[in-house]
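What follows is a set of notes on a single structure, which appears directly below.
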Amino acid sequence: MSFENVIEVAQNDQSLKFNHTCLRIKDPKVSVPFYEEKFGMKLLSRKDFPEMNFSLYFLTFADNKTIPDDSNGKPNPFAIQGTLELTHNWGSEIDATFEINNGNVEPHRGYGHVGFATNDIVAECNKLESLGVEFKKKLSDGRQKDIAFVLDPDGYWIELVEYKKETKLTGYQFNHTMIRIKDPEKSVKFYENVLGMHTILKSEHANAKFTNYFMGYYKQVEDRLAIEGVLELTHNWGTENDPEFHYHNGNDKPQGYGHICVSLKDPSTLCQAIEETYGDAIPWAPKWNQGKIKSLAFLKDPDGYSIEVVPDNLTL
């Protein structure tokens with residue numbers, strides 16, 4: 001399937017947004033305070049599922065956005081872009097053998113990182129270093145002197161970048177989520193034609209033999225680093241020609257990365273249009289409203305990464 005057919009409901013729906021990225025964590029008593037205290041994220045919601053032995057924690061940077069309330073009068077994490085969902089499977093925190101797959105170590109590479117943008121990367125790196133945060137790459141390391149990478153408590157990579165200082169923003173933006181892809185022709189068309197995203201920027205790096213495709217629900221962008229809800233697809237040249245090559249999707253063992261999520265006003269119509277257009281070429285697990293938790297669906301992209309689809313007024 002080439003994903004050539006454009007689904008008009010996705011292309012034309014102004015309510016579509018790249019809502020959240022889900023990461024599994026070992027211990028919420030460590031990970032949630034890390035994102036709150038080191039980066040200033042706000043915990044919008046916690047939802048426990050005792051019957052399935054897991055909890056969800058939804059965080060975001062609240063400085064530059066208005067967060068609507070849900071039907072219970074609580075902040076609605078599904079109505080915005082730039083939400084981080086941390087998933088805790090009960091008992092992992094007391095299991096000495098439990099480890100998270102961060103997606104960057106062979107043979108389980110796939111998911112790469114989340115990217116946080118700030119208006120003063122030097123000051124933020126100095127602050128994080130003073131707080132004891134572990135760096136994977138400092139500003140002074142390597143060729144690129146304008147980015148840094150730090151590690152969260154589970155070893156996930158967080159890229160730090162800087163948006164333009166003249167931008168009227170404060171603090172951090174949850175700028176992007178990066179996943180590696182095998183075949184850009186298939187993946188880019190999937191996110192454009194199936195989910196209605198736009199390619200914001202294509203950036204080639206000939207010396208290192210890779211290309212980045214930055215995608216999102218924006219038609220025009222003045223500063224790519226000053227926005228939220230960007231999906232970065234990274235293609236290492238040549239993988240598309242190897243029939244045996246595949247990336248780890250984060251949900252096969254060893255687990256780590258879970259999914260990205262798009263939210264919109266009427267997800268049932270979008271899901272129906274995708275099924276009618278592409279049939280069995282796009283796997284679902286589960287289809288719309290057919291899982292244990294209702295009012296959502298999960299589909300898979302060409303590399304097997306999961307994408308959740310939910311209403312933007314969802315109340316769990």
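Please note that chains go A, B, ... in the order of the structure tokens, that every chain numbers its residues from 1, and that ligands are numbered from 1 in the order shown.
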
As a ChimeraX atom specification, please: every residue in range 150-286 of chain A that a backbone DSSP assignment puts in strand (DSSP E). /A:150-151,157-162,173-181,198-205,210-216,230-236,257-264

If we count only C-alpha atoms and set the cut-off at 10 Å, which residues sit around Lys202 in chain A, ignoring sequence neighbours fewer than 6 positions away in its own chain? Please answer as a list in words. Thr211, Asn212, Tyr213, Phe214, Met215, Glu232 and Leu233 of chain A

Dump as a PDB file, in the first residue's frame, selection limited to C-alpha atoms:
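Result written to selection_24.pdb:
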```pdb
ATOM      1  CA  THR A 211      17.365  12.844   6.653  1.00  0.00           C
ATOM      2  CA  ASN A 212      14.883  14.322   9.106  1.00  0.00           C
ATOM      3  CA  TYR A 213      11.266  15.005   8.195  1.00  0.00           C
ATOM      4  CA  PHE A 214       9.458  17.348  10.601  1.00  0.00           C
ATOM      5  CA  MET A 215       5.690  16.923  10.440  1.00  0.00           C
ATOM      6  CA  GLU A 232      10.333  14.088  13.658  1.00  0.00           C
ATOM      7  CA  LEU A 233      10.850  11.113  11.339  1.00  0.00           C
TER       8      LEU A 233
END
```

If DSSP is run on the backbone, what residues of range 49-179 of chain A are helix (DSSP H, G or I)? A reply as a PyMOL selection string would be ideal. chain A and resi 92-94+121-130

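Within 10 Å of range 31-38 of chain A, once only C-alpha atoms are used and residues closer than 5 positions along the same chain are dropped, the contacting residues are Ile25, Lys26, Leu43, Tyr57, Phe58, Leu59, Thr60, Phe61, Leu84, Leu86, His88, Glu124, Lys127, Leu128, Leu131, Gly132, Val133, Asp152, Pro153 and Asp154 of chain A.
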
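Residues within 7 Å of range 249-254 of chain A, counting only C-alpha atoms and excluding same-chain residues fewer than 2 positions away, are Asn101, Gly103, Gly110, Tyr111, Tyr247, Gly256, Tyr257, Gly258, Gly304 and Tyr305 of chain A.
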
Do a neighbour search on Ile260 in chain A at 7 Å with only C-alpha atoms, toss out local chain neighbours closer than 2 positions, and write the hits as a PyMOL selection string. chain A and resi 20-22+262+306-308

Let's have the selection written as an mmCIF file, in the first residue's frame, with N, CA and C atoms.
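Saved as selection02.cif:
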```cif
data_model
loop_
_atom_site.group_PDB
_atom_site.id
_atom_site.type_symbol
_atom_site.label_atom_id
_atom_site.label_comp_id
_atom_site.auth_asym_id
_atom_site.auth_seq_id
_atom_site.Cartn_x
_atom_site.Cartn_y
_atom_site.Cartn_z
ATOM 1 N N HIS A 20 -0.369 13.756 22.294
ATOM 2 C CA HIS A 20 0.594 13.321 23.302
ATOM 3 C C HIS A 20 1.519 12.223 22.815
ATOM 4 N N THR A 21 2.578 12.029 23.581
ATOM 5 C CA THR A 21 3.532 10.948 23.400
ATOM 6 C C THR A 21 3.549 10.130 24.677
ATOM 7 N N CYS A 22 3.472 8.805 24.538
ATOM 8 C CA CYS A 22 3.419 7.915 25.694
ATOM 9 C C CYS A 22 4.741 7.181 25.886
ATOM 10 N N VAL A 262 -3.135 11.273 18.339
ATOM 11 C CA VAL A 262 -3.792 12.428 17.740
ATOM 12 C C VAL A 262 -5.197 12.516 18.315
ATOM 13 N N SER A 306 2.677 2.483 17.077
ATOM 14 C CA SER A 306 1.261 2.658 17.386
ATOM 15 C C SER A 306 0.877 4.133 17.437
ATOM 16 N N ILE A 307 -0.301 4.432 16.927
ATOM 17 C CA ILE A 307 -0.877 5.776 16.989
ATOM 18 C C ILE A 307 -2.261 5.667 17.606
ATOM 19 N N GLU A 308 -2.468 6.353 18.709
ATOM 20 C CA GLU A 308 -3.771 6.380 19.361
ATOM 21 C C GLU A 308 -4.606 7.501 18.755
#
```

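Among the candidate residues A:Glu51, A:Glu99, A:Glu159, A:Asp141, the one lying nearest to Thr177 in chain A is A:Glu159, with distances computed using only C-alpha atoms.
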
Excluding Gly112 in chain A and residues on its chain fewer than 2 positions from it, collect all residues at most 8 Å away from it, counting only C-alpha atoms, and give them as a VMD selection string. chain A and resid 102 to 104 109 to 110 114 157 177 to 180

Using only C-alpha atoms for the distances, tell me which of A:Met52, A:Asp120, A:Gly196, A:Arg224 is nearest to Ile274 in chain A. A:Gly196

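Closest approach to Ser2 in chain A among A:Leu264, A:Leu44, A:Ala206, A:Val194: A:Val194, based on only C-alpha atoms.
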